[in-house]
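Enquirer: For reference, the file upload.pdb (PDB, C-alpha atoms) is included below:
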ATOM      1  CA  MET T   1       0.000   0.000   0.000
ATOM      2  CA  ASN T   2       2.823   2.358   0.884
ATOM      3  CA  VAL T   3       4.630   1.451  -2.318
ATOM      4  CA  LEU T   4       1.501   2.248  -4.337
ATOM      5  CA  ALA T   5       1.129   5.625  -2.616
ATOM      6  CA  VAL T   6       4.763   6.447  -3.292
ATOM      7  CA  LEU T   7       4.352   5.566  -6.963
ATOM      8  CA  GLN T   8       1.240   7.743  -7.209
ATOM      9  CA  TRP T   9       3.007  10.669  -5.588
ATOM     10  CA  ARG T  10       5.978  10.115  -7.875
ATOM     11  CA  GLN T  11       3.732  10.130 -10.929
ATOM     12  CA  LEU T  12       1.983  13.290  -9.743
ATOM     13  CA  TYR T  13       5.355  14.958  -9.112
ATOM     14  CA  ASP T  14       6.563  14.070 -12.611
ATOM     15  CA  GLN T  15       3.392  15.513 -14.131
ATOM     16  CA  LEU T  16       3.740  18.723 -12.154
ATOM     17  CA  SER T  17       7.416  19.016 -13.069
ATOM     18  CA  SER T  18       6.642  18.500 -16.741
ATOM     19  CA  SER T  19       3.833  21.060 -16.611
ATOM     20  CA  LEU T  20       6.057  23.539 -14.767
ATOM     21  CA  PHE T  21       8.814  23.054 -17.370
ATOM     22  CA  GLN T  22       6.341  23.713 -20.176
ATOM     23  CA  TRP T  23       5.109  26.877 -18.489
ATOM     24  CA  ARG T  24       8.704  28.052 -18.071
ATOM     25  CA  LEU T  25       9.345  27.464 -21.760
ATOM     26  CA  LEU T  26       6.222  29.464 -22.575
ATOM     27  CA  ASP T  27       7.390  32.211 -20.212
ATOM     28  CA  VAL T  28      10.782  32.421 -21.917
ATOM     29  CA  PHE T  29       9.151  32.414 -25.355
ATOM     30  CA  CYS T  30       6.773  35.269 -24.424
ATOM     31  CA  ALA T  31       9.649  37.282 -22.933
ATOM     32  CA  VAL T  32      11.716  36.834 -26.103
ATOM     33  CA  VAL T  33       8.784  37.883 -28.323
ATOM     34  CA  LEU T  34       8.105  40.990 -26.223
ATOM     35  CA  GLY T  35      11.794  41.899 -26.230
ATOM     36  CA  PHE T  36      11.952  41.491 -30.008
ATOM     37  CA  LEU T  37       8.900  43.711 -30.475
ATOM     38  CA  LEU T  38      10.382  46.380 -28.224
ATOM     39  CA  PHE T  39      13.736  46.466 -29.989
ATOM     40  CA  SER T  40      12.149  46.369 -33.455
ATOM     41  CA  ARG T  41      10.002  49.414 -32.644
ATOM     42  CA  VAL T  42      12.900  51.538 -31.331
ATOM     43  CA  ASN T  43      14.581  53.752 -33.947
ATOM     44  CA  GLU T  44      16.547  56.200 -31.824
ATOM     45  CA  GLN T  45      20.034  55.149 -30.744
ATOM     46  CA  ARG T  46      19.825  56.864 -27.347
ATOM     47  CA  THR T  47      16.456  55.267 -26.632
ATOM     48  CA  LEU T  48      17.907  51.887 -27.600
ATOM     49  CA  TRP T  49      20.752  52.335 -25.111
ATOM     50  CA  LEU T  50      18.306  53.243 -22.333
ATOM     51  CA  LEU T  51      16.132  50.237 -23.149
ATOM     52  CA  ARG T  52      19.114  47.870 -23.127
ATOM     53  CA  GLY T  53      20.254  49.171 -19.743
ATOM     54  CA  TYR T  54      16.761  48.891 -18.278
ATOM     55  CA  LEU T  55      16.243  45.327 -19.556
ATOM     56  CA  PHE T  56      19.641  44.361 -18.161
ATOM     57  CA  LEU T  57      18.548  45.587 -14.721
ATOM     58  CA  VAL T  58      15.264  43.671 -15.028
ATOM     59  CA  PHE T  59      17.131  40.482 -15.977
ATOM     60  CA  LEU T  60      19.566  40.968 -13.093
ATOM     61  CA  ALA T  61      16.676  41.440 -10.644
ATOM     62  CA  TRP T  62      15.005  38.272 -11.957
ATOM     63  CA  PHE T  63      18.227  36.274 -11.642
ATOM     64  CA  VAL T  64      18.888  37.409  -8.063
ATOM     65  CA  GLN T  65      15.301  36.650  -7.041
ATOM     66  CA  TRP T  66      15.491  33.235  -8.706
ATOM     67  CA  SER T  67      18.655  32.333  -6.804
ATOM     68  CA  GLU T  68      16.980  33.192  -3.420
ATOM     69  CA  THR T  69      20.368  33.522  -1.720
ATOM     70  CA  LEU T  70      20.886  37.299  -1.771
ATOM     71  CA  PRO T  71      17.806  38.901  -0.206
ATOM     72  CA  LEU T  72      19.474  42.244   0.568
ATOM     73  CA  THR T  73      20.924  42.542  -2.937
ATOM     74  CA  SER T  74      17.557  41.565  -4.390
ATOM     75  CA  THR T  75      15.820  44.346  -2.422
ATOM     76  CA  PHE T  76      18.390  46.894  -3.571
ATOM     77  CA  ILE T  77      18.077  45.907  -7.240
ATOM     78  CA  ASP T  78      14.268  45.938  -7.030
ATOM     79  CA  ALA T  79      14.398  49.499  -5.695
ATOM     80  CA  LEU T  80      16.789  50.457  -8.513
ATOM     81  CA  VAL T  81      14.477  48.948 -11.144
ATOM     82  CA  LEU T  82      11.520  50.848  -9.649
ATOM     83  CA  ALA T  83      13.445  54.132  -9.722
ATOM     84  CA  CYS T  84      14.502  53.527 -13.345
ATOM     85  CA  SER T  85      10.913  52.648 -14.275
ATOM     86  CA  LEU T  86       9.662  55.953 -12.882
ATOM     87  CA  SER T  87      12.436  57.842 -14.698
ATOM     88  CA  LEU T  88      11.672  56.149 -18.017
ATOM     89  CA  ALA T  89       7.952  56.828 -17.555
ATOM     90  CA  ILE T  90       8.811  60.538 -17.374
ATOM     91  CA  LEU T  91      11.265  60.457 -20.271
ATOM     92  CA  TRP T  92       9.009  58.355 -22.499
ATOM     93  CA  GLN T  93       5.647  59.839 -21.560
ATOM     94  CA  GLY T  94       4.869  60.658 -25.201
ATOM     95  CA  GLU T  95       5.762  57.145 -26.390
ATOM     96  CA  LEU T  96       3.838  55.495 -23.547
ATOM     97  CA  ARG T  97       0.809  57.657 -24.295
ATOM     98  CA  ARG T  98       1.016  56.624 -27.956
ATOM     99  CA  LEU T  99       1.283  52.970 -26.947
ATOM    100  CA  MET T 100      -1.800  53.187 -24.694
ATOM    101  CA  GLU T 101      -3.751  54.930 -27.462
ATOM    102  CA  LEU T 102      -2.880  52.149 -29.910
ATOM    103  CA  LEU T 103      -3.845  49.471 -27.396
ATOM    104  CA  GLY T 104      -7.038  51.295 -26.431
ATOM    105  CA  THR T 105      -8.160  51.760 -30.031
ATOM    106  CA  GLY T 106      -7.182  48.229 -31.015
ATOM    107  CA  LYS T 107      -4.741  49.350 -33.714
ATOM    108  CA  LEU T 108      -2.492  46.325 -33.276
ATOM    109  CA  ALA T 109      -1.523  46.403 -36.965
ATOM    110  CA  VAL T 110       0.231  49.736 -36.355
ATOM    111  CA  LEU T 111       1.826  48.380 -33.198
ATOM    112  CA  LEU T 112       3.122  45.229 -34.880
ATOM    113  CA  GLY T 113       3.871  46.756 -38.279
ATOM    114  CA  ASN T 114       7.036  48.152 -39.722
ATOM    115  CA  PRO T 115       8.051  51.249 -37.700
ATOM    116  CA  GLN T 116       9.989  52.810 -40.554
ATOM    117  CA  SER T 117       7.860  55.133 -42.623
ATOM    118  CA  ARG T 118       8.577  55.255 -46.324
ATOM    119  CA  LEU T 119      10.707  58.241 -47.308
ATOM    120  CA  ARG T 120       9.720  60.131 -50.436
ATOM    121  CA  THR T 121      12.077  63.082 -50.097
ATOM    122  CA  THR T 122      13.039  64.112 -53.626
ATOM    123  CA  ALA T 123      15.791  66.358 -54.938
ATOM    124  CA  SER T 124      13.059  68.872 -55.708
ATOM    125  CA  THR T 125      12.118  68.873 -52.018
ATOM    126  CA  VAL T 126      15.718  69.608 -51.039
ATOM    127  CA  ALA T 127      15.912  72.385 -53.631
ATOM    128  CA  GLN T 128      12.634  73.960 -52.457
ATOM    129  CA  LEU T 129      13.761  73.866 -48.835
ATOM    130  CA  THR T 130      17.210  75.255 -49.631
ATOM    131  CA  ASP T 131      15.815  78.049 -51.797
ATOM    132  CA  ALA T 132      13.282  79.053 -49.142
ATOM    133  CA  ALA T 133      15.937  79.002 -46.411
ATOM    134  CA  GLY T 134      18.236  81.178 -48.541
ATOM    135  CA  ARG T 135      15.502  83.758 -49.136
ATOM    136  CA  LEU T 136      14.529  83.815 -45.464
ATOM    137  CA  SER T 137      18.185  84.293 -44.558
ATOM    138  CA  LYS T 138      18.619  87.221 -46.958
ATOM    139  CA  SER T 139      15.498  88.951 -45.645
ATOM    140  CA  ARG T 140      16.475  88.137 -42.015
ATOM    141  CA  ARG T 141      13.228  86.426 -41.219
ATOM    142  CA  GLY T 142      13.491  83.959 -38.349
ATOM    143  CA  ALA T 143      12.461  80.413 -39.178
ATOM    144  CA  LEU T 144      12.580  76.922 -37.702
ATOM    145  CA  ILE T 145      12.072  73.936 -40.019
ATOM    146  CA  VAL T 146      12.027  70.338 -38.759
ATOM    147  CA  VAL T 147      12.646  67.618 -41.357
ATOM    148  CA  ASP T 148      11.498  64.167 -40.226
ATOM    149  CA  LEU T 149      13.774  61.515 -41.760
ATOM    150  CA  GLY T 150      12.106  58.518 -40.114
ATOM    151  CA  SER T 151      11.464  59.372 -36.464
ATOM    152  CA  ASP T 152       7.695  59.293 -37.096
ATOM    153  CA  LEU T 153       7.090  62.486 -35.135
ATOM    154  CA  ARG T 154       3.630  62.771 -33.581
ATOM    155  CA  PRO T 155       1.752  65.723 -32.023
ATOM    156  CA  GLU T 156       2.424  64.402 -28.519
ATOM    157  CA  ASP T 157       6.160  64.709 -29.119
ATOM    158  CA  PHE T 158       5.873  68.522 -29.035
ATOM    159  CA  LEU T 159       4.987  71.007 -26.354
ATOM    160  CA  ASN T 160       2.321  72.360 -28.705
ATOM    161  CA  PRO T 161       1.372  70.448 -31.898
ATOM    162  CA  GLY T 162       0.513  73.651 -33.771
ATOM    163  CA  ILE T 163      -1.847  73.694 -36.750
ATOM    164  CA  THR T 164      -2.195  70.805 -39.196
ATOM    165  CA  ILE T 165      -1.255  71.826 -42.747
ATOM    166  CA  ASP T 166      -0.739  68.571 -44.704
ATOM    167  CA  ALA T 167       0.162  70.302 -47.961
ATOM    168  CA  GLN T 168       2.689  69.818 -50.743
ATOM    169  CA  LEU T 169       6.022  71.405 -49.875
ATOM    170  CA  SER T 170       6.860  74.555 -51.814
ATOM    171  CA  LYS T 171       9.136  77.514 -51.188
ATOM    172  CA  GLU T 172       6.197  79.903 -51.620
ATOM    173  CA  LEU T 173       4.227  78.188 -48.851
ATOM    174  CA  LEU T 174       7.255  78.178 -46.548
ATOM    175  CA  LEU T 175       7.837  81.884 -47.140
ATOM    176  CA  ASN T 176       4.182  82.624 -46.370
ATOM    177  CA  LEU T 177       4.224  80.544 -43.191
ATOM    178  CA  PHE T 178       7.214  82.498 -41.877
ATOM    179  CA  ALA T 179       5.976  85.913 -43.001
ATOM    180  CA  ALA T 180       6.265  88.569 -40.315
ATOM    181  CA  ASP T 181       3.236  89.353 -38.153
ATOM    182  CA  THR T 182       1.467  86.101 -39.033
ATOM    183  CA  PRO T 183       0.107  83.757 -36.334
ATOM    184  CA  LEU T 184       2.424  80.837 -37.226
ATOM    185  CA  HIS T 185       5.764  82.540 -37.889
ATOM    186  CA  ASP T 186       7.137  82.069 -34.351
ATOM    187  CA  GLY T 187       6.648  78.306 -34.291
ATOM    188  CA  ALA T 188       8.319  75.502 -36.205
ATOM    189  CA  VAL T 189       7.245  73.887 -39.476
ATOM    190  CA  VAL T 190       7.384  70.078 -39.609
ATOM    191  CA  ILE T 191       8.189  68.448 -42.965
ATOM    192  CA  LYS T 192       7.912  64.733 -43.694
ATOM    193  CA  GLY T 193       8.834  63.465 -47.134
ATOM    194  CA  ASN T 194       7.631  66.059 -49.630
ATOM    195  CA  ARG T 195       4.792  67.422 -47.490
ATOM    196  CA  ILE T 196       4.433  70.097 -44.833
ATOM    197  CA  ILE T 197       2.695  68.337 -41.959
ATOM    198  CA  SER T 198       2.105  71.170 -39.486
ATOM    199  CA  ALA T 199       3.119  74.734 -38.626
ATOM    200  CA  GLY T 200       3.268  76.835 -35.476
ATOM    201  CA  VAL T 201       4.729  73.863 -33.565
ATOM    202  CA  ILE T 202       6.377  74.556 -30.199
ATOM    203  CA  LEU T 203       9.394  72.296 -29.670
ATOM    204  CA  PRO T 204      11.028  71.201 -26.403
ATOM    205  CA  LEU T 205      14.106  73.284 -25.550
ATOM    206  CA  SER T 206      17.604  71.980 -24.974
ATOM    207  CA  ARG T 207      19.455  72.752 -21.766
ATOM    208  CA  GLN T 208      22.830  73.006 -23.444
ATOM    209  CA  GLY T 209      24.218  76.366 -24.497
ATOM    210  CA  VAL T 210      21.407  78.387 -22.885
ATOM    211  CA  SER T 211      23.643  81.443 -22.640
ATOM    212  CA  ARG T 212      24.968  81.090 -26.211
ATOM    213  CA  TYR T 213      21.877  80.454 -28.316
ATOM    214  CA  GLY T 214      18.422  81.936 -28.781
ATOM    215  CA  THR T 215      15.101  80.171 -28.414
ATOM    216  CA  ARG T 216      14.995  78.871 -32.006
ATOM    217  CA  HIS T 217      18.443  77.304 -31.764
ATOM    218  CA  LEU T 218      17.650  75.747 -28.371
ATOM    219  CA  ALA T 219      14.440  74.305 -29.817
ATOM    220  CA  ALA T 220      16.372  72.847 -32.773
ATOM    221  CA  LEU T 221      18.885  71.246 -30.420
ATOM    222  CA  GLY T 222      16.112  69.965 -28.146
ATOM    223  CA  ILE T 223      14.148  68.083 -30.819
ATOM    224  CA  THR T 224      17.283  66.589 -32.426
ATOM    225  CA  GLU T 225      18.524  65.447 -29.022
ATOM    226  CA  ARG T 226      15.331  63.470 -28.479
ATOM    227  CA  PHE T 227      15.051  62.085 -32.020
ATOM    228  CA  ASP T 228      18.119  61.008 -33.958
ATOM    229  CA  ARG T 229      16.297  60.627 -37.275
ATOM    230  CA  CYS T 230      15.248  64.237 -37.681
ATOM    231  CA  ILE T 231      17.137  67.425 -38.524
ATOM    232  CA  CYS T 232      16.302  71.070 -38.017
ATOM    233  CA  VAL T 233      17.085  74.100 -40.170
ATOM    234  CA  VAL T 234      17.324  77.393 -38.266
ATOM    235  CA  ILE T 235      17.382  80.946 -39.650
ATOM    236  CA  SER T 236      18.345  83.624 -37.148
ATOM    237  CA  GLU T 237      16.020  86.608 -37.040
ATOM    238  CA  GLU T 238      18.774  88.959 -35.829
ATOM    239  CA  SER T 239      21.583  88.107 -38.245
ATOM    240  CA  GLY T 240      19.936  85.917 -40.893
ATOM    241  CA  THR T 241      22.516  83.204 -40.193
ATOM    242  CA  LEU T 242      21.715  79.710 -41.470
ATOM    243  CA  SER T 243      22.263  76.767 -39.093
ATOM    244  CA  LEU T 244      21.577  73.036 -39.155
ATOM    245  CA  ALA T 245      20.938  70.941 -36.026
ATOM    246  CA  ASN T 246      21.500  67.185 -36.126
ATOM    247  CA  GLN T 247      21.682  64.734 -33.191
ATOM    248  CA  GLY T 248      21.982  67.517 -30.633
ATOM    249  CA  LYS T 249      24.787  69.313 -32.486
ATOM    250  CA  LEU T 250      24.569  72.632 -34.274
ATOM    251  CA  GLU T 251      26.555  73.556 -37.380
ATOM    252  CA  ARG T 252      26.698  77.297 -37.963
ATOM    253  CA  PRO T 253      27.043  79.455 -39.916
ATOM    254  CA  ILE T 254      26.479  77.694 -43.222
ATOM    255  CA  THR T 255      25.722  78.849 -46.750
ATOM    256  CA  SER T 256      22.767  77.781 -48.886
ATOM    257  CA  SER T 257      24.984  75.511 -50.982
ATOM    258  CA  ARG T 258      26.397  73.928 -47.825
ATOM    259  CA  LEU T 259      22.858  73.411 -46.523
ATOM    260  CA  GLN T 260      21.884  71.665 -49.749
ATOM    261  CA  ASP T 261      24.921  69.366 -49.532
ATOM    262  CA  LEU T 262      24.163  68.525 -45.892
ATOM    263  CA  LEU T 263      20.505  67.793 -46.610
ATOM    264  CA  THR T 264      21.405  65.523 -49.521
ATOM    265  CA  GLU T 265      24.021  63.701 -47.439
ATOM    266  CA  LEU T 266      21.729  63.211 -44.423
ATOM    267  CA  ILE T 267      18.830  62.028 -46.567
ATOM    268  CA  ALA T 268      21.091  59.505 -48.308
ATOM    269  CA  ALA T 269      22.360  58.267 -44.920
ATOM    270  CA  SER T 270      18.788  57.953 -43.623
ATOM    271  CA  VAL T 271      17.706  55.971 -46.682
ATOM    272  CA  SER T 272      20.744  53.707 -46.308
ATOM    273  CA  SER T 273      19.901  53.055 -42.648
ATOM    274  CA  ALA T 274      16.268  52.260 -43.495
ATOM    275  CA  ALA T 275      17.362  49.868 -46.236
ATOM    276  CA  VAL T 276      19.611  47.977 -43.800
ATOM    277  CA  LYS T 277      16.819  47.574 -41.215
ATOM    278  CA  ALA T 278      14.045  46.683 -43.663
ATOM    279  CA  PRO T 279      14.098  43.833 -46.202
ATOM    280  CA  SER T 280      12.480  45.907 -48.919
ATOM    281  CA  PRO T 281      14.610  48.457 -50.770
ATOM    282  CA  ARG T 282      14.126  52.069 -49.714
ATOM    283  CA  SER T 283      15.499  54.813 -51.896
ATOM    284  CA  VAL T 284      14.855  58.514 -52.377
ATOM    285  CA  LYS T 285      14.123  59.487 -55.959
ATOM    286  CA  GLN T 286      16.013  62.409 -57.403
ATOM    287  CA  GLY T 287      14.062  63.292 -60.547
ATOM    288  CA  THR T 288      14.859  60.263 -62.695
ATOM    289  CA  GLN T 289      17.813  59.357 -60.445
ATOM    290  CA  GLU T 290      17.903  58.124 -56.832
ATOM    291  CA  PHE T 291      19.784  58.987 -53.680
ATOM    292  CA  ARG T 292      21.897  55.961 -52.885
ATOM    293  CA  PRO T 293      24.563  55.620 -50.177
TER     294      PRO T 293
END
For this file, write the structure as structure tokens.

Expert:
Amino acid sequence: MNVLAVLQWRQLYDQLSSSLFQWRLLDVFCAVVLGFLLFSRVNEQRTLWLLRGYLFLVFLAWFVQWSETLPLTSTFIDALVLACSLSLAILWQGELRRLMELLGTGKLAVLLGNPQSRLRTTASTVAQLTDAAGRLSKSRRGALIVVDLGSDLRPEDFLNPGITIDAQLSKELLLNLFAADTPLHDGAVVIKGNRIISAGVILPLSRQGVSRYGTRHLAALGITERFDRCICVVISEESGTLSLANQGKLERPITSSRLQDLLTELIAASVSSAAVKAPSPRSVKQGTQEFRP
């Protein structure tokens, strides 16, 4: 009788162990899928570094808790993970809000789809932008132009989303938007591909060089610090100086021809990066030619 009971308990233990092993495999599989989705949706290099560091802390906390031999260390790491979670919630409030909106509206196709938007920036677009910037510089009209090269900028990424334009890019429209004594001339214009998305946008300011630069230059540095795949053209209202902000760095002063060369080079680099990440070819047409790295 005792032998039969032992065999039954042994059989039950084996079943539980097998079930527990299967659940652990499922747990690991789900964690890997979630990690893959997170990394595939991140485009910015700085954000990727933060995410890697945070996931390393989470893995370390899990490992220490699993070992059950270092309770004090486990408590310390848990507190560190909590503090980092609160910090990331503040830093990524726009992204988290976007994620909750997608989940709440059931737009899982957007959440699981390809994060890289197709670039259609043509040589004509670069020429229109360069020509408009040159004219604004000569007339000493202040301007701030954000060119989205794949960061997928959304209204929640700005302090004020401004007014939706959604019109074909042209130098005449840019000159009108930055005309003096108009409601939108103090804000930024956001360009994606060959279209003007919005105007009168208020950008987050950078904390670097507060004593050296004006508000427009600080705004250009601020948005390019947060998003690697966007650039910002700045025209000083006082001197008419042309500047270009990229990845939190400002190149100034530059000429119109230098601006055109920089725009062409950065667009080609952005297309090359998108082509490496995505299986389908991504190129920027230049008339009958194409920008290729």

Enquirer: Can you tell me, as a PyMOL selection string, what residues are no more than 10 Å from segment 161-164 of chain T when counting only C-alpha atoms, ignoring any on the same chain fewer than 4 positions away?

Expert: chain T and resi 154-157+184+187-190+196-203

Enquirer: Of the candidates T:Leu242, T:Gln260, T:Leu103, T:Leu26, which one gets nearest to Arg140 of chain T if we count all atoms listed in the file?

Expert: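 Looking only at the distances to Arg140 of chain T, the closest residue turns out to be T:Leu242.
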
Enquirer: If the PyMOL selection byres ((chain T and resi 239) around 10) is run on the structure shown, which residues does it catch, given as a list in words?

Expert: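 So the PyMOL selection byres ((chain T and resi 239) around 10), applied here, picks out Ser137, Lys138, Ser139, Arg140, Arg141, Gly142, Ile235, Ser236, Glu237, Glu238, Gly240, Thr241 and Leu242 of chain T.
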
Enquirer: Give me the residues within 12 Å of Leu262 of chain T as a PyMOL selection string, counting all atoms listed in the file and dropping any in the same chain fewer than 4 places off.

Expert: chain T and resi 126-127+130+231-233+243-246+251+254-258+266-269

Enquirer: Take the residues from that selection and put them in a file with C-alpha atoms, as a PDB file, keeping the file's coordinate frame.

Expert:
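Generated output (part.pdb):
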ATOM      1  CA  VAL T 126      15.718  69.608 -51.039  1.00  0.00           C
ATOM      2  CA  ALA T 127      15.912  72.385 -53.631  1.00  0.00           C
ATOM      3  CA  THR T 130      17.210  75.255 -49.631  1.00  0.00           C
ATOM      4  CA  ILE T 231      17.137  67.425 -38.524  1.00  0.00           C
ATOM      5  CA  CYS T 232      16.302  71.070 -38.017  1.00  0.00           C
ATOM      6  CA  VAL T 233      17.085  74.100 -40.170  1.00  0.00           C
ATOM      7  CA  SER T 243      22.263  76.767 -39.093  1.00  0.00           C
ATOM      8  CA  LEU T 244      21.577  73.036 -39.155  1.00  0.00           C
ATOM      9  CA  ALA T 245      20.938  70.941 -36.026  1.00  0.00           C
ATOM     10  CA  ASN T 246      21.500  67.185 -36.126  1.00  0.00           C
ATOM     11  CA  GLU T 251      26.555  73.556 -37.380  1.00  0.00           C
ATOM     12  CA  ILE T 254      26.479  77.694 -43.222  1.00  0.00           C
ATOM     13  CA  THR T 255      25.722  78.849 -46.750  1.00  0.00           C
ATOM     14  CA  SER T 256      22.767  77.781 -48.886  1.00  0.00           C
ATOM     15  CA  SER T 257      24.984  75.511 -50.982  1.00  0.00           C
ATOM     16  CA  ARG T 258      26.397  73.928 -47.825  1.00  0.00           C
ATOM     17  CA  LEU T 266      21.729  63.211 -44.423  1.00  0.00           C
ATOM     18  CA  ILE T 267      18.830  62.028 -46.567  1.00  0.00           C
ATOM     19  CA  ALA T 268      21.091  59.505 -48.308  1.00  0.00           C
ATOM     20  CA  ALA T 269      22.360  58.267 -44.920  1.00  0.00           C
TER      21      ALA T 269
END

Enquirer: What gap, in Å, lies between atom CA of Ser170 of chain T and atom CA of Thr125 of chain T?

Expert: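 Going from atom CA of Ser170 of chain T over to atom CA of Thr125 of chain T covers 7.7 Å.
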
Enquirer: Between T:Trp62, T:Trp92, T:Tyr54, T:Phe29, which has the minimum distance to Arg226 of chain T (counting only C-alpha atoms)?

Expert: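 So, comparing all the options, the nearest one is T:Trp92.
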
Enquirer: For Asp148 of chain T, which residue among T:Ile90, T:Cys230, T:Ala79, T:Leu173 is the nearest when counting only C-alpha atoms?

Expert: T:Cys230

Enquirer: Find the distance between atom CA of Arg24 of chain T and atom CA of Phe63 of chain T and write it in Å to one decimal.

Expert: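 So the answer is 14.1 Å.
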
Enquirer: Return the single residue from T:Leu259, T:Phe36, T:Leu86, T:Gln168 that is closest to Asp131 of chain T, with distances computed using only C-alpha atoms.

Expert: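 Answer, going by the shortest atom-to-atom distance: T:Leu259.
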
Enquirer: What is the distance between atom CA of Leu221 of chain T and atom CA of Gln247 of chain T, in Å to one decimal?

Expert: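 For atom CA of Leu221 of chain T relative to atom CA of Gln247 of chain T, the distance reads 7.6 Å.
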
Enquirer: With only C-alpha atoms as the basis for distance, which of T:Val81, T:Val146, T:Ala167, T:Val32 is at the shortest distance from Leu129 of chain T?

Expert: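 The answer is T:Val146, which sits nearest to Leu129 of chain T.
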
Enquirer: Apply the PyMOL selection byres ((chain T and resi 214-218) around 7) to the displayed file and report the matching residues as JSON, numbers by chain.

Expert: {"T": [144, 205, 206, 213, 219, 220, 221, 222, 234]}

Enquirer: Go through T:Cys84, T:Asp261, T:Phe227, T:Val28 and flag the residue nearest Phe56 of chain T, using all atoms listed in the file for the distances.

Expert: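 For Phe56 of chain T, the nearest of the given residues is T:Cys84.
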